[in-house]
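Peer 1: Quick one, data.txt (compact mmCIF, C-alpha atoms and all ligand atoms):
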# COMPACT_ATOMS: atom_id res chain seq x y z
CA MET A 1 -25.09 -6.71 -4.29
CA ARG A 2 -21.53 -7.05 -3.09
CA VAL A 3 -18.02 -6.36 -4.31
CA ILE A 4 -15.19 -8.59 -3.10
CA VAL A 5 -11.71 -7.10 -2.91
CA VAL A 6 -8.96 -9.67 -3.10
CA ASN A 7 -5.28 -9.47 -2.22
CA SER A 8 -3.84 -12.79 -3.29
CA GLY A 9 -0.37 -13.61 -1.92
CA SER A 10 1.85 -16.65 -2.41
CA SER A 11 0.33 -18.62 0.48
CA SER A 12 -2.47 -16.37 1.64
CA ILE A 13 -5.63 -14.66 0.43
CA LYS A 14 -6.82 -11.50 2.12
CA TYR A 15 -10.30 -10.38 1.14
CA GLU A 16 -12.95 -7.88 2.09
CA VAL A 17 -16.59 -7.68 1.05
CA PHE A 18 -18.18 -4.27 0.41
CA THR A 19 -21.72 -3.14 -0.22
CA LEU A 20 -22.37 -1.70 -3.65
CA ASP A 21 -24.41 1.35 -2.71
CA ASP A 22 -22.26 2.94 0.03
CA CYS A 23 -19.03 0.92 -0.25
CA ALA A 24 -19.25 -0.18 3.39
CA SER A 25 -17.16 -3.12 4.60
CA VAL A 26 -19.32 -6.06 5.77
CA VAL A 27 -16.91 -9.01 5.78
CA GLN A 28 -13.14 -9.18 6.26
CA GLY A 29 -11.18 -12.39 5.99
CA LEU A 30 -7.73 -13.89 5.76
CA LEU A 31 -6.93 -17.39 4.56
CA GLU A 32 -3.36 -18.34 5.41
CA ARG A 33 -1.04 -21.32 4.88
CA ILE A 34 -2.57 -22.27 1.53
CA GLY A 35 -0.98 -25.47 0.26
CA THR A 36 -0.88 -27.07 3.71
CA ARG A 37 -3.11 -29.48 5.63
CA ASP A 38 -3.93 -26.90 8.28
CA ALA A 39 -4.76 -23.74 6.39
CA ARG A 40 -6.18 -21.14 8.76
CA PHE A 41 -9.28 -19.20 7.77
CA ARG A 42 -10.13 -16.23 9.89
CA ARG A 43 -13.02 -13.95 9.05
CA ARG A 44 -15.29 -11.45 10.69
CA TRP A 45 -18.56 -10.03 9.51
CA LEU A 46 -20.88 -7.21 10.43
CA THR A 47 -24.06 -8.39 12.11
CA ASP A 48 -27.46 -6.71 11.93
CA SER A 49 -26.82 -5.20 15.38
CA GLY A 50 -23.76 -3.41 14.00
CA ASP A 51 -21.23 -5.57 15.90
CA TRP A 52 -18.50 -7.66 14.31
CA GLU A 53 -18.55 -11.42 14.84
CA GLU A 54 -15.48 -13.52 14.20
CA ILE A 55 -14.74 -17.15 13.42
CA ILE A 56 -11.45 -19.00 12.93
CA GLU A 57 -11.40 -22.36 11.16
CA SER A 58 -8.69 -24.74 10.08
CA GLN A 59 -8.76 -27.23 7.23
CA PRO A 60 -6.63 -28.51 4.34
CA ILE A 61 -6.51 -26.12 1.35
CA ALA A 62 -4.44 -27.39 -1.57
CA ASP A 63 -4.20 -24.29 -3.75
CA HIS A 64 -5.62 -20.86 -4.56
CA ARG A 65 -8.57 -22.29 -6.45
CA GLU A 66 -9.62 -24.38 -3.47
CA GLY A 67 -9.05 -21.38 -1.22
CA PHE A 68 -11.33 -19.16 -3.29
CA GLN A 69 -13.97 -21.88 -3.50
CA PHE A 70 -13.88 -22.10 0.29
CA LEU A 71 -14.22 -18.38 0.84
CA LEU A 72 -17.00 -17.98 -1.74
CA ASP A 73 -18.89 -20.81 -0.01
CA ALA A 74 -18.32 -19.12 3.33
CA ALA A 75 -19.63 -15.83 1.98
CA VAL A 76 -22.87 -17.59 1.08
CA ARG A 77 -23.01 -19.76 4.19
CA TYR A 78 -23.05 -16.88 6.65
CA PRO A 79 -26.48 -15.34 6.37
CA THR A 80 -25.49 -12.00 7.87
CA THR A 81 -23.45 -11.20 4.78
CA ARG A 82 -26.59 -11.76 2.70
CA VAL A 83 -24.58 -12.74 -0.34
CA ALA A 84 -26.73 -15.05 -2.41
CA PRO A 85 -25.02 -16.98 -5.21
CA GLY A 86 -25.00 -14.68 -8.19
CA ALA A 87 -25.16 -11.52 -6.09
CA PHE A 88 -21.55 -10.55 -6.66
CA PHE A 89 -21.27 -7.31 -8.63
CA GLY A 90 -17.57 -7.75 -9.21
CA PHE A 91 -14.22 -8.91 -7.88
CA GLY A 92 -11.50 -6.28 -7.41
CA HIS A 93 -7.94 -7.61 -7.46
CA ARG A 94 -4.95 -5.82 -6.00
CA VAL A 95 -2.14 -6.26 -8.52
CA VAL A 96 1.26 -4.99 -7.45
CA HIS A 97 2.94 -4.17 -10.77
CA GLY A 98 1.20 -2.66 -13.77
CA GLY A 99 4.45 -1.42 -15.37
CA GLU A 100 3.93 1.30 -17.98
CA VAL A 101 1.04 -0.64 -19.46
CA PHE A 102 -1.65 0.10 -16.90
CA HIS A 103 -2.42 3.70 -15.94
CA GLU A 104 -5.79 2.90 -14.42
CA PRO A 105 -7.90 -0.06 -13.29
CA VAL A 106 -9.07 -2.41 -16.04
CA ILE A 107 -11.65 -5.13 -16.56
CA ILE A 108 -9.69 -8.36 -16.74
CA ASP A 109 -9.75 -10.44 -19.91
CA ASP A 110 -7.26 -12.92 -21.38
CA ASP A 111 -5.18 -10.12 -22.86
CA VAL A 112 -4.91 -8.31 -19.51
CA ILE A 113 -3.78 -11.54 -17.83
CA ARG A 114 -1.16 -12.03 -20.54
CA ARG A 115 0.16 -8.51 -20.00
CA ILE A 116 0.25 -8.88 -16.20
CA LYS A 117 2.25 -12.09 -16.70
CA GLU A 118 4.67 -10.23 -18.98
CA LEU A 119 5.37 -7.89 -16.06
CA ILE A 120 6.41 -10.75 -13.75
CA PRO A 121 10.16 -10.00 -14.14
CA LEU A 122 9.48 -6.59 -12.52
CA ALA A 123 7.58 -8.12 -9.56
CA PRO A 124 8.59 -11.79 -9.37
CA LEU A 125 7.23 -12.30 -5.86
CA HIS A 126 3.92 -10.49 -6.21
CA ASN A 127 2.47 -10.65 -9.72
CA PRO A 128 2.38 -14.50 -9.91
CA PRO A 129 0.13 -15.00 -6.85
CA ASN A 130 -1.98 -12.00 -7.99
CA VAL A 131 -2.52 -13.81 -11.30
CA ALA A 132 -3.25 -17.09 -9.48
CA GLY A 133 -6.08 -15.31 -7.62
CA ILE A 134 -7.48 -13.81 -10.81
CA GLU A 135 -7.42 -17.12 -12.65
CA ALA A 136 -9.02 -18.99 -9.76
CA LEU A 137 -11.94 -16.57 -9.45
CA ARG A 138 -12.47 -16.37 -13.21
CA ALA A 139 -12.67 -20.16 -13.35
CA LEU A 140 -15.01 -20.43 -10.38
CA ARG A 141 -17.35 -17.58 -11.32
CA PRO A 142 -17.03 -16.79 -15.03
CA ASP A 143 -20.25 -14.74 -14.77
CA VAL A 144 -18.72 -12.10 -12.46
CA PRO A 145 -16.47 -9.33 -13.85
CA ASN A 146 -12.94 -9.05 -12.45
CA VAL A 147 -11.09 -5.73 -12.20
CA ALA A 148 -7.34 -5.30 -11.68
CA VAL A 149 -6.28 -2.31 -9.57
CA PHE A 150 -2.54 -1.67 -9.74
CA ASP A 151 -0.26 -0.39 -6.96
CA THR A 152 1.80 1.42 -9.57
CA ALA A 153 -1.01 3.01 -11.65
CA PHE A 154 -1.46 6.23 -9.63
CA HIS A 155 2.21 7.12 -10.18
CA GLN A 156 2.06 6.70 -13.95
CA SER A 157 1.34 10.44 -14.14
CA MET A 158 4.94 11.22 -13.12
CA PRO A 159 6.77 13.27 -15.76
CA PRO A 160 9.89 11.79 -17.43
CA LYS A 161 12.24 14.03 -15.40
CA ALA A 162 10.87 12.37 -12.23
CA PHE A 163 10.60 8.76 -13.36
CA HIS A 164 13.87 8.33 -15.26
CA TYR A 165 17.09 7.26 -13.61
CA ALA A 166 20.32 8.81 -14.86
CA LEU A 167 21.37 5.55 -16.53
CA PRO A 168 22.09 4.71 -20.17
CA ASN A 169 18.78 5.16 -21.96
CA GLU A 170 18.95 1.71 -23.50
CA LEU A 171 18.47 0.19 -20.03
CA TYR A 172 15.09 1.89 -19.98
CA ARG A 173 14.27 0.93 -23.56
CA LEU A 174 15.39 -2.69 -23.32
CA HIS A 175 14.82 -3.54 -19.67
CA HIS A 176 12.21 -0.99 -18.50
CA VAL A 177 14.47 0.33 -15.73
CA ARG A 178 12.73 3.42 -14.34
CA ARG A 179 10.91 4.62 -11.24
CA TYR A 180 7.41 3.12 -10.98
CA GLY A 181 6.43 3.81 -7.36
CA PHE A 182 4.10 1.71 -5.23
CA HIS A 183 1.41 2.19 -2.54
CA GLY A 184 -0.45 4.09 -5.28
CA THR A 185 -3.89 3.07 -4.05
CA SER A 186 -3.11 4.36 -0.57
CA HIS A 187 -1.67 7.68 -1.78
CA GLN A 188 -4.67 8.17 -4.05
CA TYR A 189 -7.14 7.30 -1.29
CA VAL A 190 -5.73 9.66 1.33
CA ALA A 191 -5.32 12.45 -1.26
CA GLN A 192 -9.05 12.17 -2.04
CA GLU A 193 -9.95 11.95 1.65
CA ALA A 194 -7.81 15.04 2.36
CA ALA A 195 -9.64 16.95 -0.37
CA SER A 196 -13.04 16.06 1.04
CA TYR A 197 -11.88 16.79 4.61
CA LEU A 198 -10.61 20.23 3.56
CA GLY A 199 -13.65 20.86 1.37
CA ILE A 200 -11.42 21.78 -1.59
CA PRO A 201 -11.59 19.97 -4.95
CA GLY A 202 -8.62 17.60 -5.35
CA ASP A 203 -7.58 19.21 -8.63
CA ARG A 204 -6.83 22.45 -6.76
CA LEU A 205 -4.71 20.89 -4.01
CA ASN A 206 -0.99 20.26 -3.71
CA LEU A 207 -0.26 17.51 -1.19
CA ILE A 208 2.64 15.55 0.23
CA THR A 209 1.23 12.16 1.20
CA ILE A 210 3.37 10.04 3.51
CA HIS A 211 2.48 6.37 3.95
CA LEU A 212 4.36 4.93 6.93
CA GLY A 213 3.66 1.24 7.57
CA ASN A 214 5.96 -1.75 7.37
CA GLY A 215 6.64 -0.44 3.90
CA ALA A 216 6.92 3.35 3.64
CA SER A 217 6.74 5.86 0.82
CA ALA A 218 6.07 9.52 0.15
CA ALA A 219 4.41 11.12 -2.87
CA ALA A 220 4.10 14.62 -4.27
CA VAL A 221 0.50 14.96 -5.45
CA GLN A 222 -0.31 17.96 -7.63
CA GLY A 223 -3.95 18.58 -8.46
CA GLY A 224 -4.84 14.97 -7.67
CA ARG A 225 -2.02 13.50 -9.79
CA SER A 226 1.20 11.94 -8.53
CA VAL A 227 4.19 13.90 -9.86
CA ASP A 228 6.90 12.16 -7.85
CA THR A 229 7.24 9.34 -5.36
CA SER A 230 9.99 7.83 -3.24
CA MET A 231 9.79 4.15 -4.23
CA GLY A 232 11.45 3.25 -7.50
CA LEU A 233 11.89 0.30 -9.82
CA THR A 234 11.08 -1.77 -6.72
CA PRO A 235 9.70 -0.89 -3.28
CA LEU A 236 13.27 -0.82 -1.89
CA GLU A 237 14.03 2.83 -2.66
CA GLY A 238 13.15 5.91 -0.66
CA LEU A 239 12.18 6.12 2.99
CA ILE A 240 13.62 3.87 5.69
CA MET A 241 11.21 0.97 6.25
CA GLY A 242 10.69 -1.89 8.70
CA THR A 243 13.31 -4.12 7.08
CA ARG A 244 14.19 -2.25 3.84
CA CYS A 245 17.03 0.23 3.65
CA GLY A 246 15.47 2.83 1.36
CA ASP A 247 17.85 5.23 -0.43
CA LEU A 248 21.40 3.93 -0.63
CA ASP A 249 24.55 4.64 -2.57
CA PRO A 250 24.32 2.02 -5.36
CA ALA A 251 28.02 1.35 -4.93
CA VAL A 252 27.25 -0.28 -1.56
CA HIS A 253 26.15 -3.42 -3.44
CA PHE A 254 29.44 -3.81 -5.30
CA TYR A 255 31.51 -2.90 -2.28
CA LEU A 256 29.67 -5.44 -0.11
CA SER A 257 29.92 -8.09 -2.78
CA ARG A 258 33.68 -7.63 -3.08
CA LYS A 259 34.22 -7.31 0.68
CA THR A 260 32.08 -10.27 1.83
CA GLY A 261 32.15 -12.48 -1.25
CA LYS A 262 28.36 -12.80 -0.99
CA PRO A 263 26.38 -13.24 -4.22
CA PHE A 264 23.99 -10.46 -5.27
CA ASP A 265 20.96 -12.53 -4.18
CA ALA A 266 22.28 -12.59 -0.62
CA ILE A 267 22.94 -8.85 -0.66
CA GLU A 268 19.48 -8.22 -2.08
CA ASP A 269 18.12 -10.22 0.84
CA ILE A 270 20.08 -8.12 3.34
CA LEU A 271 18.79 -4.87 1.82
CA ASN A 272 15.17 -6.11 1.74
CA ARG A 273 14.87 -8.17 4.91
CA GLU A 274 17.67 -7.28 7.31
CA SER A 275 17.98 -3.53 6.91
CA GLY A 276 15.81 -0.50 7.69
CA LEU A 277 14.70 -0.17 11.31
CA LYS A 278 15.60 -3.82 11.91
CA GLY A 279 19.11 -3.30 10.62
CA ILE A 280 19.68 -0.27 12.83
CA CYS A 281 18.25 -1.53 16.12
CA GLY A 282 17.26 -5.20 15.66
CA MET A 283 13.51 -4.48 15.74
CA ASN A 284 11.09 -3.57 12.98
CA ASP A 285 7.92 -2.92 14.98
CA MET A 286 7.68 0.80 15.70
CA ARG A 287 5.74 0.27 18.94
CA GLU A 288 8.54 -1.88 20.34
CA ILE A 289 11.20 0.52 19.06
CA GLN A 290 9.48 3.48 20.74
CA ARG A 291 9.20 1.56 24.00
CA CYS A 292 12.89 0.62 23.95
CA ALA A 293 13.92 4.17 23.00
CA GLU A 294 11.97 5.50 25.99
CA GLU A 295 13.82 3.03 28.21
CA GLY A 296 17.14 4.42 27.00
CA ASP A 297 18.08 1.99 24.18
CA ALA A 298 20.43 4.19 22.12
CA GLN A 299 20.11 2.18 18.89
CA ALA A 300 16.31 2.30 19.09
CA GLY A 301 16.54 6.08 19.55
CA LEU A 302 18.90 6.34 16.57
CA ALA A 303 16.52 4.25 14.43
CA ILE A 304 13.65 6.67 15.10
CA GLU A 305 15.91 9.69 14.46
CA MET A 306 17.10 8.27 11.14
CA PHE A 307 13.57 7.25 10.12
CA CYS A 308 12.26 10.80 10.76
CA TYR A 309 15.27 12.53 9.25
CA ARG A 310 14.71 10.67 5.96
CA ILE A 311 11.02 11.67 5.97
CA LYS A 312 11.99 15.29 6.64
CA LYS A 313 14.35 15.27 3.66
CA TYR A 314 11.52 14.07 1.42
CA ILE A 315 9.15 16.74 2.77
CA GLY A 316 11.80 19.32 1.82
CA ALA A 317 12.35 17.79 -1.61
CA TYR A 318 8.63 17.55 -2.42
CA THR A 319 8.04 21.10 -1.19
CA ALA A 320 10.55 22.13 -3.85
CA VAL A 321 8.86 19.89 -6.44
CA LEU A 322 5.37 21.26 -5.74
CA GLY A 323 6.30 24.91 -5.13
CA ARG A 324 3.22 25.40 -2.96
CA VAL A 325 2.11 22.75 -0.45
CA ASP A 326 -1.43 22.90 0.91
CA ALA A 327 -1.19 19.91 3.21
CA ILE A 328 1.01 17.08 4.41
CA VAL A 329 -0.91 13.85 5.04
CA PHE A 330 0.36 11.12 7.36
CA THR A 331 -1.08 7.63 7.00
CA GLY A 332 -0.24 3.91 7.55
CA GLY A 333 0.22 2.13 10.90
CA ILE A 334 3.08 4.42 11.97
CA GLY A 335 1.80 7.60 10.30
CA GLU A 336 -1.61 7.21 11.93
CA ASN A 337 -0.37 6.29 15.40
CA ALA A 338 3.17 7.42 16.16
CA ALA A 339 2.98 11.04 17.38
CA ARG A 340 6.73 11.15 17.98
CA VAL A 341 7.46 10.22 14.37
CA ARG A 342 5.12 12.91 13.04
CA ARG A 343 6.64 15.50 15.39
CA GLU A 344 10.25 14.72 14.58
CA SER A 345 9.53 14.55 10.84
CA CYS A 346 8.09 18.09 10.88
CA GLU A 347 10.50 19.58 13.45
CA GLY A 348 12.52 22.55 12.25
CA LEU A 349 10.44 23.06 9.10
CA GLU A 350 8.95 26.38 10.23
CA GLY A 351 10.88 28.06 7.40
CA LEU A 352 8.74 26.05 4.96
CA GLY A 353 5.54 27.17 6.68
CA ILE A 354 5.11 23.81 8.43
CA LEU A 355 4.07 24.25 12.07
CA LEU A 356 2.92 21.20 14.00
CA ASP A 357 0.73 21.73 17.09
CA GLU A 358 2.23 19.40 19.69
CA ARG A 359 -0.92 19.10 21.78
CA ARG A 360 -3.12 18.27 18.78
CA ASN A 361 -0.47 15.87 17.54
CA SER A 362 -0.13 13.92 20.77
CA GLU A 363 -3.88 13.84 21.39
CA ALA A 364 -4.81 12.97 17.81
CA PRO A 365 -7.56 10.34 17.95
CA ARG A 366 -7.92 7.74 15.21
CA GLY A 367 -9.75 9.05 12.17
CA GLY A 368 -9.14 12.09 10.01
CA VAL A 369 -7.75 14.92 12.07
CA GLU A 370 -5.63 18.06 11.69
CA ILE A 371 -2.52 18.52 13.82
CA HIS A 372 -1.08 21.84 12.59
CA CYS A 373 -0.99 25.19 14.44
CA GLU A 374 -3.66 27.72 13.49
CA ASP A 375 -1.05 29.90 11.77
CA SER A 376 0.67 27.06 9.87
CA LYS A 377 0.73 27.82 6.14
CA VAL A 378 0.81 24.10 5.41
CA LYS A 379 -1.90 21.97 6.98
CA ILE A 380 -0.83 18.68 8.56
CA LEU A 381 -3.41 15.90 8.53
CA VAL A 382 -3.61 12.36 9.89
CA ILE A 383 -5.87 10.27 7.67
CA PRO A 384 -6.30 6.49 8.05
CA THR A 385 -5.68 4.71 4.79
CA ASP A 386 -8.11 2.12 3.42
CA GLU A 387 -6.65 0.52 0.32
CA GLU A 388 -9.33 -2.18 0.15
CA ARG A 389 -12.12 0.40 0.12
CA GLU A 390 -10.36 2.35 -2.61
CA ILE A 391 -9.99 -0.86 -4.67
CA ALA A 392 -13.73 -1.55 -4.15
CA ARG A 393 -14.57 1.99 -5.26
CA GLN A 394 -12.39 1.73 -8.36
CA THR A 395 -13.81 -1.73 -9.15
CA ILE A 396 -17.38 -0.42 -9.05
CA GLU A 397 -16.46 2.64 -11.15
CA THR A 398 -14.62 0.55 -13.73
CA ILE A 399 -17.47 -1.94 -14.14
CA CYS A 400 -20.07 0.84 -14.36
CA ARG A 401 -17.97 2.71 -16.95
CA ALA A 402 -17.76 -0.48 -19.00
CA GLY A 403 -21.52 -0.78 -19.04
CA GLY A 404 -22.41 -2.56 -15.81
CA ALA A 405 -22.19 -6.11 -14.61
P1 LIG A 501 1.04 -1.20 8.62
O1 LIG A 501 2.02 -1.86 7.70
O2 LIG A 501 0.37 -0.01 8.03
O3 LIG A 501 0.08 -2.15 9.29
O4 LIG A 501 1.92 -0.60 9.83
C1 LIG A 501 2.70 -1.40 10.66
C2 LIG A 501 3.58 -0.51 11.52
O5 LIG A 501 2.76 0.39 12.28
C3 LIG A 501 4.41 -1.29 12.54
O6 LIG A 501 5.73 -0.78 12.58
C4 LIG A 501 3.70 -0.99 13.84
O7 LIG A 501 4.59 -1.04 14.92
C5 LIG A 501 3.25 0.43 13.60
N1 LIG A 501 2.21 0.82 14.57
C6 LIG A 501 0.96 0.32 14.70
N2 LIG A 501 0.34 0.88 15.78
C7 LIG A 501 1.22 1.75 16.33
C8 LIG A 501 1.20 2.64 17.45
N3 LIG A 501 0.13 2.74 18.23
N4 LIG A 501 2.30 3.38 17.70
C9 LIG A 501 3.41 3.27 16.93
N5 LIG A 501 3.50 2.47 15.86
C10 LIG A 501 2.43 1.71 15.56
Can the structure in the file be given as structure tokens, please?
Ligand code: AMP

Peer 2:
Amino acid sequence: MRVIVVNSGSSSIKYEVFTLDDCASVVQGLLERIGTRDARFRRRWLTDSGDWEEIIESQPIADHREGFQFLLDAAVRYPTTRVAPGAFFGFGHRVVHGGEVFHEPVIIDDDVIRRIKELIPLAPLHNPPNVAGIEALRALRPDVPNVAVFDTAFHQSMPPKAFHYALPNELYRLHHVRRYGFHGTSHQYVAQEAASYLGIPGDRLNLITIHLGNGASAAAVQGGRSVDTSMGLTPLEGLIMGTRCGDLDPAVHFYLSRKTGKPFDAIEDILNRESGLKGICGMNDMREIQRCAEEGDAQAGLAIEMFCYRIKKYIGAYTAVLGRVDAIVFTGGIGENAARVRRESCEGLEGLGILLDERRNSEAPRGGVEIHCEDSKVKILVIPTDEEREIARQTIETICRAGGA
């Protein structure tokens, strides 16, 4: 039997099919440009010989329901996936915002959908297409259980002193303004992988997990539970990201509004889409930025320096939060690949017992690896994230706990 993990966006559906017994990925697909006459459907699947085969098709797809129908048909059509109709164990849905309601994955019923919809004001761009995906699959295959796995759930273990903002309390009570944190599935996954790599139970480990992709966040993970994280009410807070500014004096909004006469929507757009690495040097792809920095582009160099300096500040802060740090874990496209970023983020932290081995760091192959010096008190690990696999794992667990499919 198979589990399908679904990430349903406003005009795209990303999905991955996993085996039930060993949670191995056997099909990966992306359907883009939903709602147009030339939707693009790209998918690859694992053949019996262990190679991946890929196909790209184009055809009109009117809406999410049609998109899901198309991809379910495709899953059955391609014999290598061996998914017979009825052989779906469950569908796991990535849902961005679970607010304070959802602390863990849940089997989806009408009440869960209602509560996810109530959270739309907190994630107006993400929760609606997530719900569209859930509703489409429930309608098409009412016999298969659906599980919602929330980006925010892992951080619901934060204590009040970490999740509250120093604002009038009624803003929390009436409008739910607080830190939620995101990338929870990724932080949880790499924390578990770090525990199994180190051979130490997760509940005895203190970790700083640092997810550096287009979006970026850090988390302090104590005994397997998130106790603080850098993203806040929205994913805008914290580390510098591809196009998001991260931490900022809140007065910048008012100052900019008064100075430029721009409405808040326009300023929100600048902070989300025109800032971060892109704002500093005009580029948001770290590979390109590194290349330009090496060729002497001063702004590109500054962007990397600022990016790493912010990470370093969070490592310092979370060392203070945790008291004892067993390991720092780098993950995400940049965290897994950019040796310079890892080096500069850990530079000068010898006083905290953090000693990066430059040779190991620069030669780090893909896959779980350690890059600290032998005598480093804090281990430094590079662990590839796999949010889809974690969602598949949680989907299986949740369905089994509820009494099976
Ligand atoms: P993600 O969102 O996790 O896919 O990560 C995207 C980011 O990872 C982009 O900024 C990419 O430039 C960056 N990235 C991917 N591969 C590399 C690499 N080999 N070196 C540096 N950055 C990379």

Peer 1: Name the closest residue to A:Ala218 among the candidates A:Arg401, A:Arg258, A:Lys312, A:Arg291; distances are taken between atoms, counting all atoms listed in the file.

Peer 2: A:Lys312

Peer 1: Which protein, DNA or RNA residues have an atom within 7 Å of ligand LIG 501 (chain A), counting all atoms listed in the file, as a PyMOL selection string?

Peer 2: chain A and resi 212-215+242+284-288+332-334+337-338

Peer 1: Please report the interatomic distance between atom CA of A:Ile270 and atom CA of A:Met231 in Å with one decimal.

Peer 2: 17.7 Å

Peer 1: Might I get the box with edges along x, y and z of the file that holds all atoms of stretch 371-384 of chain A listed there, padded by 8 Å on every side, given as centre and edge lengths in Å to one decimal, as lines of an AutoDock Vina configuration file?

Peer 2:
center_x = -2.7
center_y = 18.2
center_z = 9.9
size_x = 23.1
size_y = 39.4
size_z = 25.0

Peer 1: Provide the atom CA of A:Leu125 to atom CA of A:Val96 distance in Å, to one decimal place.

Peer 2: 9.6 Å

Peer 1: Quick one: everything within 9 Å of A:Ile354, counting all atoms listed in the file, minus sequence neighbours fewer than 4 positions away in the same chain. Send it as a PyMOL selection string.

Peer 2: chain A and resi 328+346-350+372-373+376-380

Peer 1: A:Thr385, A:Arg40, A:Ile315, A:Val321: which is nearest A:Gly353, counting all atoms listed in the file?

Peer 2: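 Closest to A:Gly353 of all the choices is A:Ile315.
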
Peer 1: Pick from A:Ile289, A:Val149, A:Ile210, A:Val221: nearest to A:Ala195, with only C-alpha atoms counted?

Peer 2: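 Ranking A:Ile289, A:Val149, A:Ile210, A:Val221 by distance to A:Ala195, first place goes to A:Val221.
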
Peer 1: Taking (19.5, 1.0, 15.3) as a centre in this file's frame and 12 Å as the limit, can you find every polymer residue with an atom that close, using all atoms listed in the file, and give them as a PyMOL selection string?

Peer 2: chain A and resi 240+242-243+245+274-284+286+289-290+292-293+297-307

Peer 1: Next, write the just-selected residues to a file, as a compact mmCIF listing (two decimals), in the frame of the given file, keeping C-alpha atoms as the atom set.

Peer 2:
# COMPACT_ATOMS: atom_id res chain seq x y z
CA ILE A 240 13.62 3.87 5.69
CA GLY A 242 10.69 -1.89 8.70
CA THR A 243 13.31 -4.12 7.08
CA CYS A 245 17.03 0.23 3.65
CA GLU A 274 17.67 -7.28 7.31
CA SER A 275 17.98 -3.53 6.91
CA GLY A 276 15.81 -0.50 7.69
CA LEU A 277 14.70 -0.17 11.31
CA LYS A 278 15.60 -3.82 11.91
CA GLY A 279 19.11 -3.30 10.62
CA ILE A 280 19.68 -0.27 12.83
CA CYS A 281 18.25 -1.53 16.12
CA GLY A 282 17.26 -5.20 15.66
CA MET A 283 13.51 -4.48 15.74
CA ASN A 284 11.09 -3.57 12.98
CA MET A 286 7.68 0.80 15.70
CA ILE A 289 11.20 0.52 19.06
CA GLN A 290 9.48 3.48 20.74
CA CYS A 292 12.89 0.62 23.95
CA ALA A 293 13.92 4.17 23.00
CA ASP A 297 18.08 1.99 24.18
CA ALA A 298 20.43 4.19 22.12
CA GLN A 299 20.11 2.18 18.89
CA ALA A 300 16.31 2.30 19.09
CA GLY A 301 16.54 6.08 19.55
CA LEU A 302 18.90 6.34 16.57
CA ALA A 303 16.52 4.25 14.43
CA ILE A 304 13.65 6.67 15.10
CA GLU A 305 15.91 9.69 14.46
CA MET A 306 17.10 8.27 11.14
CA PHE A 307 13.57 7.25 10.12

Peer 1: Measuring between only C-alpha atoms, which one of A:Asp48, A:Glu32, A:Asp386, A:Asp326 shows the shortest distance to A:Ile200?

Peer 2: A:Asp326

Peer 1: When you count only C-alpha atoms, which of these residues is closest to A:Ala24: A:Arg178, A:Arg389, A:His97, A:Thr209?

Peer 2: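 Ranking A:Arg178, A:Arg389, A:His97, A:Thr209 by distance to A:Ala24, first place goes to A:Arg389.
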
Peer 1: Can you work out the spacing between atom CA of A:Asp228 and atom CA of A:Glu358 in Å, to one decimal?

Peer 2: 28.9 Å

Peer 1: At a cut-off of 12 Å, using all atoms listed in the file, what residues contact A:Ile107? Leave out same-chain residues fewer than 3 positions from it and give the result as a count of residues only.

Peer 2: 31

Peer 1: Of the residues A:Val369, A:Leu236, A:Val177, A:Ala392, which is the one nearest to A:Leu122, using only C-alpha atoms?

Peer 2: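 Nearest candidate to A:Leu122 out of A:Val369, A:Leu236, A:Val177, A:Ala392: A:Val177.
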